[in-house]
Structures are given as C-alpha cells and as structure tokens.
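Written out below as structure tokens is the structure these notes cover.
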Amino acid sequence: MREENGLEVGLVGKPNVGKSTLFNALTLLDVPMAPYPFTTVEPNRGIAAIRAPCPHPEKGTPCTPGNAKCVDGTRWVPINLVDVPGLVPGAHEGKGLGHKFLDDLRVTDGFIQVVDLSGATDAEGQIVAPGSQDPAEEVQWLEEELVAWVVEILGRDFIRQARSVELEGKKVEEFLLQRFTGLAVTPAAIAAALRATPVDRARPTHWTAAERESLARGLLTASKPRLVAANKMDHATPGLAKGLAENVDGIPVVATSADAELTLRRAARAGLVDYRPGDPSFTVRDPGRLSPPQTKALDGIRATITAWNGTGVQNALERMVFDRLNQIVVYPVEDETHWTDGRGRVLPDALLVPADTPARGVAYRVHTDLGEGFIRAIDGRTHRAIGADQPLTPNAVVRIVSRK
Ligand SMILES: Nc1nc2c(ncn2[C@@H]2O[C@H](COP(=O)(O)OP(=O)(O)O)[C@@H](O)[C@H]2O)c(=O)[nH]1
Ligand SMILES: [Mg+2]
C-alpha cells in the first residue's frame with residue numbers, strides 16, 4: 001500500500017518509545033502494541049495525511065476531491081508512513097534488527113525520531129526509573145549509528161574504486177551517486193555534502209578517515225531530514241524537556257503524546273468526542289454515554305493537551321513534511337477559470353511537491369506526457385503564465401498547457 005509517487009516518512013527510535021502507537025494514531029491502522037521490545041517485527045506501512053487549506057472557498061463552489069479529502073475547507077493530503085522497529089546500539093553491526101532496520105530507512109525520504117520524554121526506557125527499551133535516561137542522548141546515538149552505517153557503505157572496496165575514479169578521471173559526484181543509489185540520495189544531496197566537506201575531488205584515495213566520516217555526516221544531513229518527536233510528554237520528566245528545548249543538535253523537536261492522540265482518534269471514530277487531529281482541544285458529545293474509566297482517561301488527556309496545546313502528533317508530521325522535507329501542496333487543474341479537470345471535477349487533486357520543483361517538474365508529476373509536451377503553466381488565480389523553470393507557490397492552482 002504505497003501512495004504512488006508519494007513521500008515516505010519513517011518513524012524511528014529505540015524500542016518502547018511509542019513508534020507503533022504514533023503510527024497507529026497517524027494511520028488509524030491497528031498493529032500490535034505492547035510494553036515490551038520488538039512487538040513490531042515487520043515494518044508497518046500505512047497512509048497518514050497532512051493538512052492544507054483547500055482553495056475551493058475562493059471559488060465559492062464545493063470541490064470534488066479525488067486523492068485528498070476535504071473537510072470544512074481543509075484538505076487531508078496522503079503520505080506514506082512506515083514504522084521502522086529495531087534500533088538498538090550496534091544496529092549498524094547487525095544488533096537488534098540491525099540491517100533490516102537500515103534497509104527500511106534507506107528508502108524513506110526522511111524520518112521522525114521518536115524519543116521518550118519520560119526518560120523511563122533504557123537503550124534496549126526496558127522500563128527503568130523515570131528520568132533516569134536522557135532523550136537528547138538518543139538523538140546523538142542514532143546519528144552515530146547512521147554515520148557508522150554510511151561510512152561502512154562508503155568504505156566498501158573503497159581504495160580499488162577510488163583508484164579507478166582517479167585513473168579514469170571519473171567525476172567524484174558520479175562515484176558517490178553510484179555508491180549511494182540504494183539510499184535514495186539525490187545529486188543535490190551529494191553536492192551539499194561535498195560543499196560541507198571540501199575534499200580533494202581528484203584524489204579520493206587520499207581522503208582521510210575523518211574526511212570520509214564528515215562526508216557521510218553531510219550526506220545524511222542532506223538526504224535524510226529528521227525531526228524529533230519527544231513522546232510521552234504526558235509523563236514528561238521536568239528538566240528533560242528543557243534539555244531538548246526547541247532543537248537538539250539543530251534537529252527540531254516537537255513534544256507529543258501518541259497515546260493521547262490514538263485515544264482521541266479512536267474516540268472520535270466511535271462518535272464519543274468531536275476531535276480533529278491537530279486540534280488543541282476536543283468536546284465530549286454526550287458525557288452520559290461515557291463509562292467512568294473513559295471519563296477519567298479523557299479528563300487526563302484534556303489536562304495534557306491543555307498544558308501542551310494539543311497532542312503534538314499531527315503537528316510533528318506536518319513540520320516534518322513542510323519544514324524538513326520542504327514540500328508544498330499544489331492543485332493541478334485543466335480549466336484555469338473554473339478550476340476543474342476534463343470531467344468537470346473541481347480541484348480534484350492535491351499534489352505534494354518539493355517547494356523548489358519547477359513548473360515543468362510539476363507537469364511531469366501529473367503525467368509524463370504533460371512534462372514532455374510542456375509549453376507553459378497558467379496560474380489559476382492571476383491567469384498569468386508560469387515558465388517551465390519557475391517554481392510554484394504553496395497552494396497554487398495551476399493549469400499545465402502541453403502539446404500532448
Ligand atoms: N504515557 C505514554 N505512554 C505511551 C505514549 N505513547 C506510547 N506509550 C506507551 O509506550 C509503550 C510502548 O509503545 P509502542 O508504540 O509499542 O512502542 P514502540 O516499541 O516504539 O513501537 C506502550 O505501553 C504505549 O502505550 C505516550 O504518549 N504517553
Ligand atoms: Mg513498535
């Protein structure tokens with residue numbers, strides 16, 4: 001079940017921090033959850049959604065969504081989410097679910113690292129005294145695992161390969177791109193890594209171990225954007241939240257309660273509460289229908305989300321997609337006046353694309369033929385032409401004019 005051409009975001013972290021709970025909340029799919037390590041042995045894939053304002057109120061006509069449903073003027077745009085279990089110290093050496101873990105990570109566009117803000121799980125996910133573990137260390141520790149992994153890939157048969165680069169006068173960019181094809185690394189990420197670590201491009205055999213490590217770090221930063229979900233905020237140990245603050249080593253942090261979000265989404269589905277993901281509050285429909293334990297659970301959740309201004313879960317996913325993966329939503333149409341497709345459907349598609357995608361690239365995403373025959377795009381609001389190389393603005397309504 002993969003949304004075609006869609007983004008894929010991974011959920012990563014040591015066992016027992018709440019990855020599967022977060023996954024279930026964001027997808028409302030049921031996968032096993034239990035307070036012990038490795039409940040989730042197979043990676044779980046599902047569809048989550050991020051919110052974008054729907055342009056339909058500007059037209060004053062209802063929309064006819066295809067891929068992304070519209071609720072009161074908000075579109076819910078699907079993305080792929082994968083729950084990646086198996087991170088333990090030494091994962092890059094095959095510990096825990098080591099290589100499987102790294103394999104799942106390879107294809108993601110970026111990931112959310114879930115850490116335990118209660119500080120009550122050790123590196124293997126065993127329950128320990130609250131506050132005895134520092135979640136900021138988990139972030140550094142994952143970074144080191146990933147760097148070790150990339151260094152290892154870079155180092156495979158390195159000297160022989162590097163020598164052939166030198167003999168054949170091959171471009172080092174090409175060499176690195178080939179090396180990391182499996183890692184979903186783009187030429188732009190390689191260029192960024194090479195800017196950050198100015199190695200001698202003509203002589204890779206001379207690269208020092210420190211240079212290779214620094215290159216690996218740069219590649220990771222550029223190709224796997226990350227966000228930290230500081231989970232179990234409902235049981236946060238005071239002080240730990242401060243240690244994470246707004247970011248840890250430059251990686252933004254969002255406090256979450258996956259547990260509260262899952263309960264609220266389930267209660268909403270059961271018709272017990274009115275709650276929309278991302279809302280800072282909820283209302284109970286009929287307090288008389290709730291059992292005493294339900295009332296107690298919802299009271300607890302209310303206290304948490306009042307203190308933290310929501311569960312943070314939807315917000316974390318959206319910051320990942322919009323801020324870290326730098327995506328925008330655009331609405332391709334065939335008729336720039338009525339904002340319809342060929343069958344008269346209003347704003348049928350909401351498309352997620354990287355913000356710097358030129359208009360022609362957006363055309364390719366709609367259909368290869370549209371990209372190949374691209375003449376120009378037309379802005380559905382201003383009716384001005386948009387050139388092939390011009391990026392679109394967030395929430396653009398756009399018609400692609402094509403020869404094909
Ligand atoms: N207090 C609290 N517990 C949570 C939260 N999210 C998950 N948990 C609990 O943490 C335990 C491990 O959760 P799970 O999702 O299986 O963790 P995973 O191993 O990382 O997939 C379960 O008992 C969850 O109910 C949360 O936000 N707050
Ligand atoms: Mg799990």
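Just so we're on the same page: first chain in the structure tokens is A, next is B, and so on; residues restart at 1 for each chain, and ligands are numbered from 1 in the order they show up.
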- Long-range neighbours of A:Gly6 as a list in words, 12 Å cut-off, only C-alpha atoms, 3 positions minimum in chain: Met1, Arg2, Glu3, Val9, Gly46, Ile47, Ala48, Ala49, Asn67, Val77, Pro78, Ile79, Asn80, Leu81, Val107, Thr108, Asp109, Val321, Gln327, Ala350, Leu351, Leu352, Val353, Pro354 and Arg365 of chain A
Selected residues, C-alpha atoms, written as a compact mmCIF listing (two decimals), in the first residue's frame, please.
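Result saved to selection.txt:
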# COMPACT_ATOMS: atom_id res chain seq x y z
CA MET A 1 0.00 0.00 0.00
CA ARG A 2 2.06 2.91 -1.22
CA GLU A 3 0.69 6.19 -2.44
CA VAL A 9 8.30 9.24 6.20
CA GLY A 46 0.29 2.83 6.08
CA ILE A 47 -1.13 6.08 4.88
CA ALA A 48 -1.14 9.19 7.03
CA ALA A 49 -2.26 12.66 5.95
CA ASN A 67 -6.94 11.74 -3.62
CA VAL A 77 -3.20 15.01 1.68
CA PRO A 78 -1.91 11.43 1.93
CA ILE A 79 1.69 10.44 2.54
CA ASN A 80 3.29 7.06 3.23
CA LEU A 81 4.26 6.31 6.77
CA VAL A 107 14.04 4.22 1.04
CA THR A 108 12.47 6.84 3.30
CA ASP A 109 12.57 10.50 2.30
CA VAL A 321 6.66 17.36 5.65
CA GLN A 327 7.07 20.29 0.49
CA ALA A 350 -3.86 17.95 -4.21
CA LEU A 351 -0.25 17.23 -5.06
CA LEU A 352 2.72 17.34 -2.69
CA VAL A 353 5.92 18.50 -4.37
CA PRO A 354 9.24 19.89 -3.15
CA ARG A 365 4.38 14.58 -11.71
- Pick out the residues sitting within 7 Å of stretch 192-195 of chain A, and hand them over as an MDAnalysis selection string; count only C-alpha atoms, and ignore anything fewer than 6 positions along from it in its own chain. chainID A and resid 215 218:219 222
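Nearest residue to ligand 2, choosing from A:Ile190, A:Ala123, A:Leu7, A:Val12 and counting only C-alpha atoms and all ligand atoms: A:Val12.
Shortest separation to A:Val248 among A:Arg384, A:Val228, A:Leu87, A:Thr393 occurs at residue A:Val228, atoms counted being only C-alpha atoms.
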- Query: Closest to ligand 1 among A:Leu370, A:Leu154, A:Ala216, A:Ala258, using only C-alpha atoms and all ligand atoms?
  - Reply: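 Counting only C-alpha atoms and all ligand atoms, the residue closest to ligand 1 is A:Ala258.
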Using only C-alpha atoms and all ligand atoms, find each residue of chain A with at least one atom at most 9 Å away from an atom of ligand 1; report its shortest atom-to-atom pair and that distance in Å (one decimal), sort the rows by chain and rising residue number, and return the result as a Markdown table.
| residue | atom | partner | partner_atom_place_in_ligand_line | distance |
| --- | --- | --- | --- | --- |
| A:Leu11 | CA | ligand 1 | 20 (O) | 8.8 |
| A:Val12 | CA | ligand 1 | 20 (O) | 7.9 |
| A:Gly13 | CA | ligand 1 | 20 (O) | 6.4 |
| A:Lys14 | CA | ligand 1 | 20 (O) | 6.3 |
| A:Pro15 | CA | ligand 1 | 19 (O) | 4.0 |
| A:Asn16 | CA | ligand 1 | 19 (O) | 3.3 |
| A:Val17 | CA | ligand 1 | 20 (O) | 4.0 |
| A:Gly18 | CA | ligand 1 | 15 (O) | 3.3 |
| A:Lys19 | CA | ligand 1 | 20 (O) | 3.7 |
| A:Ser20 | CA | ligand 1 | 15 (O) | 3.6 |
| A:Thr21 | CA | ligand 1 | 15 (O) | 3.7 |
| A:Leu22 | CA | ligand 1 | 15 (O) | 6.4 |
| A:Phe23 | CA | ligand 1 | 15 (O) | 7.7 |
| A:Asn24 | CA | ligand 1 | 15 (O) | 8.2 |
| A:Pro32 | CA | ligand 1 | 16 (O) | 7.2 |
| A:Met33 | CA | ligand 1 | 16 (O) | 4.1 |
| A:Ala34 | CA | ligand 1 | 16 (O) | 4.8 |
| A:Pro35 | CA | ligand 1 | 23 (O) | 4.0 |
| A:Tyr36 | CA | ligand 1 | 12 (C) | 6.8 |
| A:Pro37 | CA | ligand 1 | 19 (O) | 5.6 |
| A:Phe38 | CA | ligand 1 | 19 (O) | 6.2 |
| A:Thr39 | CA | ligand 1 | 16 (O) | 6.4 |
| A:Thr40 | CA | ligand 1 | 21 (O) | 6.5 |
| A:Asp83 | CA | ligand 1 | 21 (O) | 7.6 |
| A:Val84 | CA | ligand 1 | 21 (O) | 8.4 |
| A:Pro85 | CA | ligand 1 | 21 (O) | 6.7 |
| A:Gly86 | CA | ligand 1 | 19 (O) | 8.6 |
| A:Val114 | CA | ligand 1 | 20 (O) | 7.4 |
| A:Val115 | CA | ligand 1 | 20 (O) | 8.5 |
| A:Asp116 | CA | ligand 1 | 5 (C) | 8.5 |
| A:Leu117 | CA | ligand 1 | 28 (N) | 8.9 |
| A:Ser118 | CA | ligand 1 | 1 (N) | 7.8 |
| A:Gly125 | CA | ligand 1 | 19 (O) | 7.3 |
| A:Ala230 | CA | ligand 1 | 27 (O) | 8.8 |
| A:Asn231 | CA | ligand 1 | 27 (O) | 5.2 |
| A:Lys232 | CA | ligand 1 | 28 (N) | 3.4 |
| A:Met233 | CA | ligand 1 | 27 (O) | 6.1 |
| A:Asp234 | CA | ligand 1 | 28 (N) | 5.6 |
| A:His235 | CA | ligand 1 | 1 (N) | 5.4 |
| A:Ala236 | CA | ligand 1 | 1 (N) | 8.4 |
| A:Thr256 | CA | ligand 1 | 27 (O) | 6.2 |
| A:Ser257 | CA | ligand 1 | 27 (O) | 3.3 |
| A:Ala258 | CA | ligand 1 | 27 (O) | 4.0 |
| A:Asp259 | CA | ligand 1 | 27 (O) | 4.1 |
| A:Ala260 | CA | ligand 1 | 27 (O) | 6.1 |
| A:Glu261 | CA | ligand 1 | 27 (O) | 7.8 |
| A:Leu262 | CA | ligand 1 | 6 (N) | 8.6 |
| A:Thr311 | CA | ligand 1 | 27 (O) | 8.3 |
- Item | alpha helix (DSSP H) call set, DSSP backbone run, stretch 14-142 of chain A, as number ranges by chain | A: 19-27, 56-59, 98-106, 135-142
Could you give me, as a PDB file with C-alpha atoms, in the first residue's frame, each residue of stretch 228-337 of chain A that DSSP assigns to strand (DSSP E) when run on this structure's backbone?
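Below is the file selection.pdb, written as the result:
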ATOM      1  CA  VAL A 228      12.425  14.564  16.855  1.00  0.00           C
ATOM      2  CA  ALA A 229       9.089  13.641  18.427  1.00  0.00           C
ATOM      3  CA  ALA A 230       9.613  13.919  22.187  1.00  0.00           C
ATOM      4  CA  ASN A 231       6.919  11.426  23.052  1.00  0.00           C
ATOM      5  CA  ASN A 247      16.050  21.506  18.923  1.00  0.00           C
ATOM      6  CA  VAL A 248      18.830  19.088  19.620  1.00  0.00           C
ATOM      7  CA  ILE A 251      17.178  18.944  14.683  1.00  0.00           C
ATOM      8  CA  PRO A 252      13.788  20.439  15.596  1.00  0.00           C
ATOM      9  CA  VAL A 253      11.854  18.857  18.436  1.00  0.00           C
ATOM     10  CA  VAL A 254       8.085  18.568  18.824  1.00  0.00           C
ATOM     11  CA  ALA A 255       6.641  17.247  22.094  1.00  0.00           C
ATOM     12  CA  VAL A 273     -15.951  13.005  21.021  1.00  0.00           C
ATOM     13  CA  ASP A 274     -15.583  15.723  18.444  1.00  0.00           C
ATOM     14  CA  THR A 283     -15.551  18.047  23.172  1.00  0.00           C
ATOM     15  CA  VAL A 284     -17.413  15.092  24.575  1.00  0.00           C
ATOM     16  CA  GLN A 327       7.073  20.290   0.492  1.00  0.00           C
ATOM     17  CA  ILE A 328       4.210  22.399  -0.802  1.00  0.00           C
ATOM     18  CA  VAL A 329       0.723  21.402  -1.920  1.00  0.00           C
ATOM     19  CA  VAL A 330      -0.390  22.413  -5.406  1.00  0.00           C
ATOM     20  CA  TYR A 331      -3.658  21.876  -7.239  1.00  0.00           C
ATOM     21  CA  PRO A 332      -3.346  20.993 -10.929  1.00  0.00           C
ATOM     22  CA  VAL A 333      -6.478  21.676 -12.992  1.00  0.00           C
TER      23      VAL A 333
END
Using only C-alpha atoms, which protein or nucleic acid residues come within 12 Å of stretch 287-292 of chain A? Drop anything in the same chain fewer than 6 positions from it, and give the result as an mmCIF file with N, CA, C and O atoms, in the first residue's frame.
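Output (part.cif):
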data_model
loop_
_atom_site.group_PDB
_atom_site.id
_atom_site.type_symbol
_atom_site.label_atom_id
_atom_site.label_comp_id
_atom_site.auth_asym_id
_atom_site.auth_seq_id
_atom_site.Cartn_x
_atom_site.Cartn_y
_atom_site.Cartn_z
ATOM 1 N N ALA A 267 -11.746 7.582 19.863
ATOM 2 C CA ALA A 267 -12.988 8.079 20.470
ATOM 3 C C ALA A 267 -13.800 8.869 19.449
ATOM 4 O O ALA A 267 -15.023 8.785 19.408
ATOM 5 N N ALA A 270 -15.433 6.471 17.134
ATOM 6 C CA ALA A 270 -16.567 5.814 17.796
ATOM 7 C C ALA A 270 -17.715 6.784 18.066
ATOM 8 O O ALA A 270 -18.743 6.400 18.625
ATOM 9 N N GLY A 271 -17.513 8.050 17.700
ATOM 10 C CA GLY A 271 -18.574 9.030 17.879
ATOM 11 C C GLY A 271 -18.714 9.544 19.302
ATOM 12 O O GLY A 271 -19.721 10.144 19.663
ATOM 13 N N LEU A 272 -17.693 9.297 20.129
ATOM 14 C CA LEU A 272 -17.778 9.731 21.531
ATOM 15 C C LEU A 272 -17.371 11.187 21.715
ATOM 16 O O LEU A 272 -17.868 11.863 22.616
ATOM 17 N N VAL A 273 -16.423 11.616 20.886
ATOM 18 C CA VAL A 273 -15.951 13.005 21.021
ATOM 19 C C VAL A 273 -15.906 13.666 19.646
ATOM 20 O O VAL A 273 -15.885 12.990 18.619
ATOM 21 N N LEU A 298 -10.281 10.516 29.445
ATOM 22 C CA LEU A 298 -10.437 11.753 28.664
ATOM 23 C C LEU A 298 -10.098 12.988 29.494
ATOM 24 O O LEU A 298 -9.531 13.950 28.968
ATOM 25 N N ASP A 299 -10.400 12.942 30.798
ATOM 26 C CA ASP A 299 -10.019 14.066 31.663
ATOM 27 C C ASP A 299 -8.500 14.220 31.700
ATOM 28 O O ASP A 299 -7.962 15.333 31.663
#
- A:Asp104, A:Val82, A:Phe322, A:Glu213: which is nearest A:Pro394, counting only C-alpha atoms?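 The shortest atom-to-atom distance to A:Pro394 comes from A:Phe322.
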